[in-house]
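Quick notes on the structure that follows.
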2 protein chains.
Amino acid sequence: MFSKTCEYAIRALLYIAQQSDAGHKVGFRQIAQAIDAPEPFLAKILQDLTRKGLLQSAKGPNGGFFVAAMDISLAAVVRAIDGDKLFSGCGLGLPNCSETNPCPIHQQFKSVRAQIQKMLQSSTIGDFNDLIAQGLVRLKSA
Amino acid sequence: MFSKTCEYAIRALLYIAQQSDAGHKVGFRQIAQAIDAPEPFLAKILQDLTRKGLLQSAKGPNGGFFVAAMDISLAAVVRAIDGDKLFSGCGLGLPNCSETNPCPIHQQFKSVRAQIQKMLQSSTIGDFNDLIAQGLVRLKSA
DNA sequence: TAAATAAAAGATATTTTTGTCTTTTATTTA
DNA sequence: TAAATAAAAGACAAAAATATCTTTTATTTA
Ligand code: FES
Ligand code: FES
């Protein structure tokens, strides 16, 4: 569904959002540990998210990553990392999905695609702060 | 959503099913042309599908690929090629998606996943024969 | 100002996916 | 049986995704 990069990005943002909510900035090592991601790879992803404005960072002692806008949708994150293929691309990989030139599964796929978009559009990275803080959901395996 | 391999597999099966319905066996070159796929790569995929019984082949003159069972579901094709990650895997890439140890988006994702499965389970490779024969849907771009 | 801290950037490496080429085997028909 | 046809198999190649390592830059605090 999502690329590995995108999975790490979402998990990292959810974690950082929760930590920011609790008043903490976090370093990428700590984030990598919290979401079980490879450190240098995650660092790259965080840099990218920061450049794109989905995340903020501060250098120096007491620095780290933090979230300023809790109302960024998961859809925005997916779009930033994976592009909008998931939201408008053809299910069978054909170019230019359209009503006038549909592939066999176009109608059915279109509706599924809309469901996915709805799900991602209606959740923000701040929506899960409490669940995460209370330990009711996980961001890593172990 | 699906891997490129899986996209080619579905498009190829839909094409072969329609041709079989019309009484024709087809060679992999013709299939590659019909669905706009790289010939040798497609040949590999067809071999794999044949080994797995989703497709039949005949060697020699007047040979080619053909479909014996029109009632194979698209879900079975996806499962054969991409495995069942799409049907039971975690949306955030965590191992062992489960109710008791859910990730933040588990509930929402579970329902989307079920939608996808329903769509793929309720369509068979023979369901589109007429639409394809009438040229009402496409299997390639140009 | 010096030292410590932490992110940013750049170069490099590995793995997986996707795509290609050549040889072999099986089948049919003349 | 010989020739033609077509898939099967195996080795190989390129591209993209994923992951790692090292150096640089900015910031804070003592
Ligand atoms: S054309 Fe394939 S999903 Fe729209
Ligand atoms: S645990 Fe993530 S979708 Fe179920």
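Each chain in the structure tokens gets a letter, A, B and so on, in the order shown; residues start at 1 in every chain, and ligands are counted from 1 in the order they appear.
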Open item on the list: as a ChimeraX atom specification, please: every protein or nucleic acid residue near ligand 2 (cut-off 12 Å, counting only C-alpha atoms (C1' of nucleotides) and all ligand atoms).
Closed with: /A:1,7,10-11,136-141 /B:85-114
Requested write-out: C-alpha atoms of the selected residues, as a PDB file, in the first residue's frame:
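Final output, out06.pdb:
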```pdb
ATOM      1  CA  MET A   1       0.000   0.000   0.000  1.00  0.00           C
ATOM      2  CA  GLU A   7       5.483   3.889   6.626  1.00  0.00           C
ATOM      3  CA  ILE A  10       3.958   8.245   9.292  1.00  0.00           C
ATOM      4  CA  ARG A  11       5.151   6.327  12.327  1.00  0.00           C
ATOM      5  CA  LEU A 136      -3.041   1.754  23.774  1.00  0.00           C
ATOM      6  CA  VAL A 137      -1.491   1.596  20.318  1.00  0.00           C
ATOM      7  CA  ARG A 138       2.002   0.700  19.147  1.00  0.00           C
ATOM      8  CA  LEU A 139       4.462   2.244  16.694  1.00  0.00           C
ATOM      9  CA  LYS A 140       6.920  -0.644  16.684  1.00  0.00           C
ATOM     10  CA  SER A 141       6.888  -4.409  16.995  1.00  0.00           C
TER      11      SER A 141
ATOM     12  CA  LYS B  85       0.294  -8.713   2.750  1.00  0.00           C
ATOM     13  CA  LEU B  86      -2.411  -6.621   1.109  1.00  0.00           C
ATOM     14  CA  PHE B  87      -5.146  -8.698   2.753  1.00  0.00           C
ATOM     15  CA  SER B  88      -3.773  -9.095   6.237  1.00  0.00           C
ATOM     16  CA  GLY B  89      -0.681  -6.909   6.629  1.00  0.00           C
ATOM     17  CA  CYS B  90      -0.429  -3.805   8.819  1.00  0.00           C
ATOM     18  CA  GLY B  91      -0.929  -0.481   7.055  1.00  0.00           C
ATOM     19  CA  LEU B  92       2.057   0.992   8.839  1.00  0.00           C
ATOM     20  CA  GLY B  93       4.285  -1.966   8.070  1.00  0.00           C
ATOM     21  CA  LEU B  94       4.372  -3.433  11.572  1.00  0.00           C
ATOM     22  CA  PRO B  95       4.592  -7.192  11.894  1.00  0.00           C
ATOM     23  CA  ASN B  96       1.580  -9.151  13.134  1.00  0.00           C
ATOM     24  CA  CYS B  97      -1.382  -6.895  12.614  1.00  0.00           C
ATOM     25  CA  SER B  98      -3.834  -7.759  15.357  1.00  0.00           C
ATOM     26  CA  GLU B  99      -6.705  -6.478  17.447  1.00  0.00           C
ATOM     27  CA  THR B 100      -4.847  -6.992  20.671  1.00  0.00           C
ATOM     28  CA  ASN B 101      -1.737  -5.116  19.606  1.00  0.00           C
ATOM     29  CA  PRO B 102      -2.981  -2.551  17.094  1.00  0.00           C
ATOM     30  CA  CYS B 103      -1.161   0.301  15.415  1.00  0.00           C
ATOM     31  CA  PRO B 104      -2.830   3.734  15.491  1.00  0.00           C
ATOM     32  CA  ILE B 105      -4.681   3.299  12.207  1.00  0.00           C
ATOM     33  CA  HIS B 106      -5.608  -0.334  12.683  1.00  0.00           C
ATOM     34  CA  GLN B 107      -9.413   0.048  12.863  1.00  0.00           C
ATOM     35  CA  GLN B 108      -9.702   2.330   9.866  1.00  0.00           C
ATOM     36  CA  PHE B 109      -7.188   0.382   7.828  1.00  0.00           C
ATOM     37  CA  LYS B 110      -8.824  -2.925   8.576  1.00  0.00           C
ATOM     38  CA  SER B 111     -12.042  -1.752   7.034  1.00  0.00           C
ATOM     39  CA  VAL B 112     -10.326  -0.446   3.914  1.00  0.00           C
ATOM     40  CA  ARG B 113      -8.455  -3.703   3.593  1.00  0.00           C
ATOM     41  CA  ALA B 114     -11.733  -5.604   3.781  1.00  0.00           C
TER      42      ALA B 114
END
```
Fit target chain B, mobile chain A, all Cα in order, as a compact mmCIF listing (two decimals) with N, CA and C atoms, in the first residue's frame:
```
# COMPACT_ATOMS: atom_id res chain seq x y z
N MET A 1 -0.28 0.06 -4.92
CA MET A 1 -1.25 -0.97 -4.45
C MET A 1 -0.75 -2.38 -4.80
N PHE A 2 -0.68 -2.65 -6.13
CA PHE A 2 -0.12 -3.93 -6.59
C PHE A 2 1.28 -3.70 -7.14
N SER A 3 2.10 -4.76 -7.13
CA SER A 3 3.42 -4.65 -7.76
C SER A 3 3.23 -4.61 -9.28
N LYS A 4 4.23 -4.12 -9.97
CA LYS A 4 4.19 -4.09 -11.44
C LYS A 4 3.93 -5.50 -11.96
N THR A 5 4.64 -6.46 -11.41
CA THR A 5 4.46 -7.86 -11.80
C THR A 5 3.00 -8.27 -11.72
N CYS A 6 2.35 -7.87 -10.64
CA CYS A 6 0.96 -8.24 -10.41
C CYS A 6 0.04 -7.52 -11.40
N GLU A 7 0.35 -6.28 -11.69
CA GLU A 7 -0.45 -5.54 -12.67
C GLU A 7 -0.38 -6.23 -14.04
N TYR A 8 0.83 -6.58 -14.45
CA TYR A 8 0.98 -7.28 -15.72
C TYR A 8 0.21 -8.61 -15.70
N ALA A 9 0.31 -9.30 -14.59
CA ALA A 9 -0.33 -10.62 -14.46
C ALA A 9 -1.84 -10.50 -14.64
N ILE A 10 -2.43 -9.54 -13.97
CA ILE A 10 -3.89 -9.37 -14.07
C ILE A 10 -4.28 -8.99 -15.50
N ARG A 11 -3.58 -8.01 -16.05
CA ARG A 11 -3.92 -7.58 -17.40
C ARG A 11 -3.77 -8.73 -18.39
N ALA A 12 -2.70 -9.51 -18.24
CA ALA A 12 -2.47 -10.64 -19.14
C ALA A 12 -3.58 -11.67 -18.99
N LEU A 13 -3.94 -11.98 -17.77
CA LEU A 13 -4.97 -12.99 -17.56
C LEU A 13 -6.31 -12.54 -18.12
N LEU A 14 -6.64 -11.28 -17.94
CA LEU A 14 -7.90 -10.78 -18.49
C LEU A 14 -7.90 -10.89 -20.02
N TYR A 15 -6.77 -10.58 -20.60
CA TYR A 15 -6.68 -10.67 -22.06
C TYR A 15 -6.78 -12.12 -22.54
N ILE A 16 -6.00 -13.00 -21.90
CA ILE A 16 -6.01 -14.40 -22.31
C ILE A 16 -7.39 -15.02 -22.09
N ALA A 17 -8.03 -14.65 -21.00
CA ALA A 17 -9.38 -15.17 -20.72
C ALA A 17 -10.33 -14.79 -21.85
N GLN A 18 -10.26 -13.55 -22.26
CA GLN A 18 -11.15 -13.10 -23.33
C GLN A 18 -10.86 -13.84 -24.64
N GLN A 19 -9.58 -14.01 -24.92
CA GLN A 19 -9.20 -14.71 -26.14
C GLN A 19 -9.62 -16.19 -26.08
N SER A 20 -9.47 -16.79 -24.91
CA SER A 20 -9.88 -18.18 -24.75
C SER A 20 -11.39 -18.30 -24.94
N ASP A 21 -12.09 -17.33 -24.39
CA ASP A 21 -13.54 -17.28 -24.53
C ASP A 21 -13.93 -17.25 -26.01
N ALA A 22 -13.11 -16.59 -26.79
CA ALA A 22 -13.37 -16.49 -28.23
C ALA A 22 -12.76 -17.67 -28.98
N GLY A 23 -12.16 -18.63 -28.24
CA GLY A 23 -11.64 -19.83 -28.88
C GLY A 23 -10.20 -19.76 -29.37
N HIS A 24 -9.45 -18.75 -28.90
CA HIS A 24 -8.08 -18.62 -29.39
C HIS A 24 -7.04 -18.86 -28.30
N LYS A 25 -5.98 -19.57 -28.69
CA LYS A 25 -4.78 -19.59 -27.86
C LYS A 25 -3.90 -18.43 -28.32
N VAL A 26 -3.12 -17.88 -27.39
CA VAL A 26 -2.28 -16.74 -27.76
C VAL A 26 -0.84 -16.89 -27.28
N GLY A 27 0.10 -16.45 -28.11
CA GLY A 27 1.51 -16.49 -27.76
C GLY A 27 1.88 -15.31 -26.89
N PHE A 28 3.02 -15.42 -26.21
CA PHE A 28 3.35 -14.36 -25.25
C PHE A 28 3.69 -13.04 -25.94
N ARG A 29 4.19 -13.13 -27.16
CA ARG A 29 4.47 -11.90 -27.90
C ARG A 29 3.18 -11.12 -28.15
N GLN A 30 2.17 -11.87 -28.56
CA GLN A 30 0.88 -11.24 -28.84
C GLN A 30 0.28 -10.65 -27.55
N ILE A 31 0.45 -11.38 -26.46
CA ILE A 31 -0.07 -10.89 -25.18
C ILE A 31 0.65 -9.61 -24.77
N ALA A 32 1.98 -9.66 -24.88
CA ALA A 32 2.79 -8.49 -24.51
C ALA A 32 2.34 -7.26 -25.29
N GLN A 33 2.07 -7.48 -26.56
CA GLN A 33 1.60 -6.39 -27.43
C GLN A 33 0.22 -5.88 -26.99
N ALA A 34 -0.63 -6.82 -26.63
CA ALA A 34 -2.02 -6.45 -26.29
C ALA A 34 -2.12 -5.68 -24.97
N ILE A 35 -1.21 -5.96 -24.05
CA ILE A 35 -1.31 -5.30 -22.75
C ILE A 35 -0.15 -4.33 -22.50
N ASP A 36 0.71 -4.17 -23.52
CA ASP A 36 1.80 -3.23 -23.43
C ASP A 36 2.75 -3.56 -22.27
N ALA A 37 3.31 -4.76 -22.31
CA ALA A 37 4.26 -5.21 -21.30
C ALA A 37 5.55 -5.66 -21.97
N PRO A 38 6.68 -5.57 -21.28
CA PRO A 38 7.95 -6.03 -21.85
C PRO A 38 7.90 -7.54 -22.06
N GLU A 39 8.19 -7.99 -23.29
CA GLU A 39 8.02 -9.40 -23.67
C GLU A 39 8.69 -10.41 -22.74
N PRO A 40 10.01 -10.31 -22.52
CA PRO A 40 10.66 -11.38 -21.74
C PRO A 40 10.21 -11.37 -20.28
N PHE A 41 9.92 -10.20 -19.79
CA PHE A 41 9.48 -10.11 -18.40
C PHE A 41 8.10 -10.74 -18.26
N LEU A 42 7.25 -10.44 -19.22
CA LEU A 42 5.92 -11.02 -19.21
C LEU A 42 6.00 -12.55 -19.32
N ALA A 43 6.92 -13.03 -20.18
CA ALA A 43 7.07 -14.47 -20.36
C ALA A 43 7.33 -15.15 -19.03
N LYS A 44 8.21 -14.53 -18.22
CA LYS A 44 8.51 -15.06 -16.89
C LYS A 44 7.25 -15.14 -16.03
N ILE A 45 6.49 -14.08 -16.07
CA ILE A 45 5.28 -14.02 -15.26
C ILE A 45 4.29 -15.09 -15.69
N LEU A 46 4.15 -15.27 -17.00
CA LEU A 46 3.22 -16.28 -17.52
C LEU A 46 3.66 -17.68 -17.11
N GLN A 47 4.97 -17.92 -17.15
CA GLN A 47 5.49 -19.22 -16.71
C GLN A 47 5.10 -19.48 -15.26
N ASP A 48 5.26 -18.45 -14.47
CA ASP A 48 4.95 -18.56 -13.04
C ASP A 48 3.46 -18.83 -12.83
N LEU A 49 2.63 -18.10 -13.53
CA LEU A 49 1.19 -18.29 -13.40
C LEU A 49 0.78 -19.69 -13.86
N THR A 50 1.45 -20.18 -14.90
CA THR A 50 1.16 -21.51 -15.41
C THR A 50 1.53 -22.57 -14.38
N ARG A 51 2.73 -22.44 -13.81
CA ARG A 51 3.17 -23.38 -12.77
C ARG A 51 2.17 -23.38 -11.62
N LYS A 52 1.62 -22.23 -11.31
CA LYS A 52 0.69 -22.12 -10.19
C LYS A 52 -0.74 -22.50 -10.55
N GLY A 53 -0.93 -22.87 -11.83
CA GLY A 53 -2.23 -23.38 -12.23
C GLY A 53 -3.30 -22.34 -12.51
N LEU A 54 -2.90 -21.07 -12.61
CA LEU A 54 -3.90 -20.03 -12.90
C LEU A 54 -4.09 -19.87 -14.40
N LEU A 55 -3.28 -20.63 -15.15
CA LEU A 55 -3.20 -20.44 -16.59
C LEU A 55 -2.72 -21.76 -17.19
N GLN A 56 -3.07 -22.02 -18.45
CA GLN A 56 -2.58 -23.22 -19.11
C GLN A 56 -1.75 -22.84 -20.32
N SER A 57 -0.84 -23.74 -20.70
CA SER A 57 -0.05 -23.46 -21.88
C SER A 57 0.11 -24.72 -22.71
N ALA A 58 0.33 -24.56 -24.00
CA ALA A 58 0.60 -25.68 -24.91
C ALA A 58 1.79 -25.31 -25.78
N LYS A 59 2.72 -26.24 -25.90
CA LYS A 59 3.90 -25.99 -26.73
C LYS A 59 3.62 -26.34 -28.18
N GLY A 60 4.55 -25.97 -29.02
CA GLY A 60 4.46 -26.36 -30.43
C GLY A 60 3.55 -25.50 -31.25
N PRO A 61 3.50 -25.79 -32.56
CA PRO A 61 2.65 -25.03 -33.47
C PRO A 61 1.19 -25.05 -32.99
N ASN A 62 0.51 -23.97 -33.17
CA ASN A 62 -0.85 -23.81 -32.67
C ASN A 62 -0.92 -23.85 -31.14
N GLY A 63 0.25 -23.73 -30.53
CA GLY A 63 0.27 -23.68 -29.09
C GLY A 63 0.05 -22.25 -28.60
N GLY A 64 0.29 -22.08 -27.31
CA GLY A 64 0.11 -20.75 -26.73
C GLY A 64 -0.51 -20.86 -25.37
N PHE A 65 -0.87 -19.72 -24.83
CA PHE A 65 -1.49 -19.71 -23.50
C PHE A 65 -3.00 -19.63 -23.60
N PHE A 66 -3.66 -20.28 -22.66
CA PHE A 66 -5.11 -20.19 -22.61
C PHE A 66 -5.61 -20.40 -21.19
N VAL A 67 -6.84 -19.97 -20.95
CA VAL A 67 -7.43 -20.06 -19.63
C VAL A 67 -8.49 -21.17 -19.62
N ALA A 68 -8.35 -22.10 -18.68
CA ALA A 68 -9.34 -23.18 -18.60
C ALA A 68 -10.44 -22.82 -17.60
N ALA A 69 -10.05 -22.17 -16.50
CA ALA A 69 -11.03 -21.84 -15.46
C ALA A 69 -11.28 -20.33 -15.43
N MET A 70 -12.45 -19.95 -15.89
CA MET A 70 -12.80 -18.52 -15.95
C MET A 70 -13.17 -17.97 -14.58
N ASP A 71 -13.35 -18.85 -13.62
CA ASP A 71 -13.86 -18.39 -12.32
C ASP A 71 -12.79 -18.14 -11.27
N ILE A 72 -11.55 -17.98 -11.73
CA ILE A 72 -10.49 -17.62 -10.79
C ILE A 72 -10.65 -16.15 -10.39
N SER A 73 -10.65 -15.89 -9.10
CA SER A 73 -10.86 -14.51 -8.64
C SER A 73 -9.60 -13.67 -8.78
N LEU A 74 -9.78 -12.38 -8.90
CA LEU A 74 -8.62 -11.49 -8.94
C LEU A 74 -7.85 -11.58 -7.63
N ALA A 75 -8.57 -11.85 -6.56
CA ALA A 75 -7.90 -12.02 -5.26
C ALA A 75 -6.90 -13.16 -5.31
N ALA A 76 -7.28 -14.24 -5.98
CA ALA A 76 -6.39 -15.40 -6.08
C ALA A 76 -5.12 -15.03 -6.86
N VAL A 77 -5.29 -14.20 -7.88
CA VAL A 77 -4.14 -13.78 -8.68
C VAL A 77 -3.21 -12.91 -7.83
N VAL A 78 -3.78 -11.94 -7.15
CA VAL A 78 -2.98 -11.05 -6.30
C VAL A 78 -2.25 -11.86 -5.23
N ARG A 79 -2.96 -12.79 -4.63
CA ARG A 79 -2.35 -13.61 -3.60
C ARG A 79 -1.20 -14.44 -4.15
N ALA A 80 -1.37 -14.96 -5.36
CA ALA A 80 -0.34 -15.79 -5.98
C ALA A 80 0.93 -14.99 -6.28
N ILE A 81 0.75 -13.73 -6.65
CA ILE A 81 1.91 -12.92 -7.05
C ILE A 81 2.47 -12.09 -5.89
N ASP A 82 1.61 -11.36 -5.21
CA ASP A 82 2.07 -10.43 -4.17
C ASP A 82 1.97 -10.99 -2.75
N GLY A 83 1.43 -12.19 -2.61
CA GLY A 83 1.24 -12.73 -1.27
C GLY A 83 0.03 -12.10 -0.60
N ASP A 84 -0.13 -12.32 0.69
CA ASP A 84 -1.35 -11.79 1.30
C ASP A 84 -1.11 -10.59 2.22
N LYS A 85 0.02 -9.94 2.01
CA LYS A 85 0.29 -8.72 2.75
C LYS A 85 -0.85 -7.73 2.60
N LEU A 86 -1.34 -7.59 1.39
CA LEU A 86 -2.41 -6.63 1.12
C LEU A 86 -3.69 -6.98 1.88
N PHE A 87 -3.88 -8.26 2.13
CA PHE A 87 -5.13 -8.70 2.76
C PHE A 87 -5.06 -8.77 4.28
N SER A 88 -3.85 -8.94 4.81
CA SER A 88 -3.76 -9.09 6.26
C SER A 88 -2.62 -8.31 6.91
N GLY A 89 -1.81 -7.63 6.10
CA GLY A 89 -0.67 -6.90 6.66
C GLY A 89 -1.07 -5.58 7.30
N CYS A 90 -0.20 -5.08 8.17
CA CYS A 90 -0.43 -3.80 8.85
C CYS A 90 -0.19 -2.63 7.88
N GLY A 91 -1.06 -1.64 7.94
CA GLY A 91 -0.94 -0.48 7.07
C GLY A 91 0.31 0.34 7.33
N LEU A 92 0.84 0.28 8.53
CA LEU A 92 2.06 1.03 8.85
C LEU A 92 3.30 0.15 8.81
N GLY A 93 3.12 -1.08 8.29
CA GLY A 93 4.27 -1.96 8.09
C GLY A 93 4.73 -2.72 9.32
N LEU A 94 3.96 -2.67 10.40
CA LEU A 94 4.36 -3.42 11.60
C LEU A 94 4.05 -4.89 11.42
N PRO A 95 4.85 -5.75 12.03
CA PRO A 95 4.59 -7.18 11.92
C PRO A 95 3.38 -7.56 12.78
N ASN A 96 2.69 -8.59 12.37
CA ASN A 96 1.59 -9.14 13.16
C ASN A 96 0.48 -8.15 13.48
N CYS A 97 -0.20 -7.71 12.44
CA CYS A 97 -1.38 -6.87 12.65
C CYS A 97 -2.39 -7.64 13.49
N SER A 98 -2.86 -7.03 14.55
CA SER A 98 -3.83 -7.72 15.39
C SER A 98 -4.66 -6.75 16.21
N GLU A 99 -5.80 -7.23 16.66
CA GLU A 99 -6.70 -6.42 17.47
C GLU A 99 -6.09 -6.11 18.83
N THR A 100 -5.36 -7.07 19.35
CA THR A 100 -4.85 -6.93 20.71
C THR A 100 -3.62 -6.04 20.78
N ASN A 101 -2.95 -5.90 19.64
CA ASN A 101 -1.75 -5.07 19.63
C ASN A 101 -1.77 -4.15 18.41
N PRO A 102 -2.75 -3.27 18.34
CA PRO A 102 -2.99 -2.51 17.12
C PRO A 102 -2.07 -1.30 16.96
N CYS A 103 -1.84 -0.92 15.71
CA CYS A 103 -1.17 0.35 15.44
C CYS A 103 -2.25 1.44 15.44
N PRO A 104 -1.85 2.71 15.39
CA PRO A 104 -2.85 3.78 15.49
C PRO A 104 -3.97 3.72 14.45
N ILE A 105 -3.66 3.31 13.23
CA ILE A 105 -4.70 3.34 12.21
C ILE A 105 -5.36 1.99 11.98
N HIS A 106 -5.13 1.06 12.90
CA HIS A 106 -5.61 -0.30 12.69
C HIS A 106 -7.10 -0.39 12.32
N GLN A 107 -7.97 0.21 13.11
CA GLN A 107 -9.42 0.07 12.86
C GLN A 107 -9.81 0.57 11.47
N GLN A 108 -9.38 1.76 11.16
CA GLN A 108 -9.71 2.34 9.86
C GLN A 108 -9.13 1.51 8.72
N PHE A 109 -7.88 1.12 8.90
CA PHE A 109 -7.20 0.39 7.83
C PHE A 109 -7.83 -0.97 7.59
N LYS A 110 -8.21 -1.59 8.67
CA LYS A 110 -8.83 -2.91 8.58
C LYS A 110 -10.06 -2.87 7.68
N SER A 111 -10.83 -1.85 7.83
CA SER A 111 -12.05 -1.76 7.04
C SER A 111 -11.76 -1.51 5.56
N VAL A 112 -10.74 -0.69 5.30
CA VAL A 112 -10.34 -0.45 3.91
C VAL A 112 -9.83 -1.75 3.28
N ARG A 113 -9.01 -2.46 4.05
CA ARG A 113 -8.45 -3.73 3.59
C ARG A 113 -9.57 -4.70 3.22
N ALA A 114 -10.61 -4.72 4.03
CA ALA A 114 -11.74 -5.61 3.78
C ALA A 114 -12.45 -5.23 2.48
N GLN A 115 -12.57 -3.92 2.25
CA GLN A 115 -13.17 -3.43 1.01
C GLN A 115 -12.40 -3.93 -0.21
N ILE A 116 -11.09 -3.82 -0.11
CA ILE A 116 -10.23 -4.23 -1.22
C ILE A 116 -10.41 -5.73 -1.47
N GLN A 117 -10.39 -6.47 -0.40
CA GLN A 117 -10.53 -7.92 -0.54
C GLN A 117 -11.87 -8.27 -1.17
N LYS A 118 -12.91 -7.59 -0.71
CA LYS A 118 -14.25 -7.84 -1.25
C LYS A 118 -14.27 -7.58 -2.75
N MET A 119 -13.69 -6.46 -3.13
CA MET A 119 -13.64 -6.12 -4.56
C MET A 119 -12.93 -7.20 -5.37
N LEU A 120 -11.79 -7.64 -4.87
CA LEU A 120 -10.99 -8.61 -5.63
C LEU A 120 -11.58 -10.01 -5.58
N GLN A 121 -12.27 -10.29 -4.49
CA GLN A 121 -12.85 -11.61 -4.33
C GLN A 121 -14.08 -11.78 -5.21
N SER A 122 -14.75 -10.69 -5.45
CA SER A 122 -16.02 -10.80 -6.17
C SER A 122 -15.89 -10.62 -7.68
N SER A 123 -14.66 -10.46 -8.15
CA SER A 123 -14.46 -10.40 -9.60
C SER A 123 -13.61 -11.58 -10.05
N THR A 124 -13.99 -12.20 -11.17
CA THR A 124 -13.19 -13.29 -11.71
C THR A 124 -12.55 -12.85 -13.02
N ILE A 125 -11.58 -13.62 -13.46
CA ILE A 125 -10.88 -13.23 -14.69
C ILE A 125 -11.78 -13.38 -15.92
N GLY A 126 -12.89 -14.10 -15.79
CA GLY A 126 -13.80 -14.23 -16.93
C GLY A 126 -14.88 -13.17 -16.96
N ASP A 127 -15.01 -12.43 -15.89
CA ASP A 127 -16.10 -11.45 -15.77
C ASP A 127 -16.05 -10.33 -16.80
N PHE A 128 -14.87 -10.12 -17.36
CA PHE A 128 -14.71 -8.95 -18.22
C PHE A 128 -14.62 -9.30 -19.71
N ASN A 129 -14.81 -10.58 -20.03
CA ASN A 129 -14.65 -11.03 -21.42
C ASN A 129 -15.45 -10.18 -22.41
N ASP A 130 -16.71 -9.98 -22.12
CA ASP A 130 -17.54 -9.23 -23.06
C ASP A 130 -17.13 -7.77 -23.18
N LEU A 131 -16.88 -7.15 -22.03
CA LEU A 131 -16.45 -5.75 -22.05
C LEU A 131 -15.18 -5.58 -22.89
N ILE A 132 -14.26 -6.53 -22.72
CA ILE A 132 -13.02 -6.45 -23.48
C ILE A 132 -13.28 -6.69 -24.97
N ALA A 133 -14.07 -7.71 -25.25
CA ALA A 133 -14.38 -8.04 -26.65
C ALA A 133 -15.04 -6.86 -27.36
N GLN A 134 -15.88 -6.15 -26.65
CA GLN A 134 -16.59 -5.03 -27.25
C GLN A 134 -15.76 -3.74 -27.27
N GLY A 135 -14.56 -3.84 -26.69
CA GLY A 135 -13.71 -2.65 -26.70
C GLY A 135 -14.17 -1.56 -25.76
N LEU A 136 -14.95 -1.92 -24.76
CA LEU A 136 -15.47 -0.91 -23.83
C LEU A 136 -14.49 -0.60 -22.69
N VAL A 137 -13.53 -1.49 -22.50
CA VAL A 137 -12.47 -1.23 -21.53
C VAL A 137 -11.12 -1.54 -22.17
N ARG A 138 -10.07 -0.97 -21.60
CA ARG A 138 -8.74 -1.11 -22.20
C ARG A 138 -7.80 -1.87 -21.29
N LEU A 139 -6.79 -2.50 -21.89
CA LEU A 139 -5.77 -3.23 -21.13
C LEU A 139 -4.39 -2.63 -21.37
N LYS A 140 -4.34 -1.59 -22.16
CA LYS A 140 -3.09 -0.89 -22.43
C LYS A 140 -3.39 0.58 -22.66
N SER A 141 -2.32 1.37 -22.75
CA SER A 141 -2.51 2.81 -22.89
C SER A 141 -2.91 3.21 -24.31
N ALA A 142 -2.06 2.86 -25.26
CA ALA A 142 -2.30 3.29 -26.64
C ALA A 142 -3.29 2.39 -27.37
```
Task: Contact residues (chain C, partner chain B, 10 Å, only C-alpha atoms (C1' of nucleotides)) as a list in words - done: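 Filtering chain C at 10 Å from chain B with only C-alpha atoms (C1' of nucleotides) gives DT17, DT18, DG19, DT20, DC21, DT25, DA26, DT27, DT28 and DT29 of chain C.
Reported to one decimal place, the separation of atom C1' of DA14 of chain D from atom C1' of DT16 of chain C is 12.5 Å.
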Could you please write out, as a compact mmCIF listing (two decimals) with all heavy atoms, in the first residue's frame, every residue of segment 18-138 of chain A that DSSP assigns to strand (DSSP E)?
```
# COMPACT_ATOMS: atom_id res chain seq x y z
N GLN A 56 9.25 20.24 12.13
CA GLN A 56 10.22 21.28 12.41
C GLN A 56 11.43 20.68 13.11
O GLN A 56 11.32 19.64 13.76
CB GLN A 56 9.60 22.37 13.31
CG GLN A 56 8.71 23.36 12.54
CD GLN A 56 7.45 22.71 12.00
OE1 GLN A 56 6.84 21.89 12.70
NE2 GLN A 56 7.06 23.05 10.79
N SER A 57 12.57 21.36 12.96
CA SER A 57 13.76 20.87 13.64
C SER A 57 14.54 22.03 14.23
O SER A 57 14.44 23.17 13.77
CB SER A 57 14.65 20.11 12.66
OG SER A 57 15.24 21.00 11.74
N ALA A 58 15.31 21.76 15.27
CA ALA A 58 16.19 22.75 15.89
C ALA A 58 17.55 22.11 16.11
O ALA A 58 17.64 20.98 16.57
CB ALA A 58 15.60 23.22 17.21
N GLY A 64 16.34 19.16 18.32
CA GLY A 64 15.65 17.94 17.96
C GLY A 64 14.49 18.24 17.05
O GLY A 64 14.32 19.37 16.60
N PHE A 65 13.70 17.22 16.81
CA PHE A 65 12.54 17.40 15.93
C PHE A 65 11.27 17.62 16.74
O PHE A 65 11.13 17.09 17.84
CB PHE A 65 12.37 16.15 15.04
CG PHE A 65 13.47 15.98 14.03
CD1 PHE A 65 14.59 15.23 14.33
CD2 PHE A 65 13.39 16.60 12.79
CE1 PHE A 65 15.62 15.08 13.40
CE2 PHE A 65 14.41 16.46 11.84
CZ PHE A 65 15.53 15.69 12.16
N PHE A 66 10.40 18.43 16.19
CA PHE A 66 9.11 18.64 16.85
C PHE A 66 8.05 19.01 15.82
O PHE A 66 8.37 19.44 14.71
CB PHE A 66 9.22 19.72 17.93
CG PHE A 66 9.66 21.06 17.41
CD1 PHE A 66 8.73 22.07 17.17
CD2 PHE A 66 11.00 21.32 17.16
CE1 PHE A 66 9.14 23.31 16.68
CE2 PHE A 66 11.41 22.56 16.67
CZ PHE A 66 10.48 23.55 16.43
```
Counting only C-alpha atoms (C1' of nucleotides), which residues of chain D fall within 10 Å of chain B, and what is the closest atom pair for each with its distance in Å at one decimal, ordered by chain and rising number, as a tab-separated table?
```
residue	atom	partner	partner_atom	distance
D:DA4	C1'	B:Pro61	CA	7.6
D:DT5	C1'	B:Pro61	CA	4.5
D:DA6	C1'	B:Gly60	CA	4.8
D:DA7	C1'	B:Lys59	CA	5.3
D:DA8	C1'	B:Gln47	CA	7.4
D:DA9	C1'	B:Lys44	CA	9.6
```
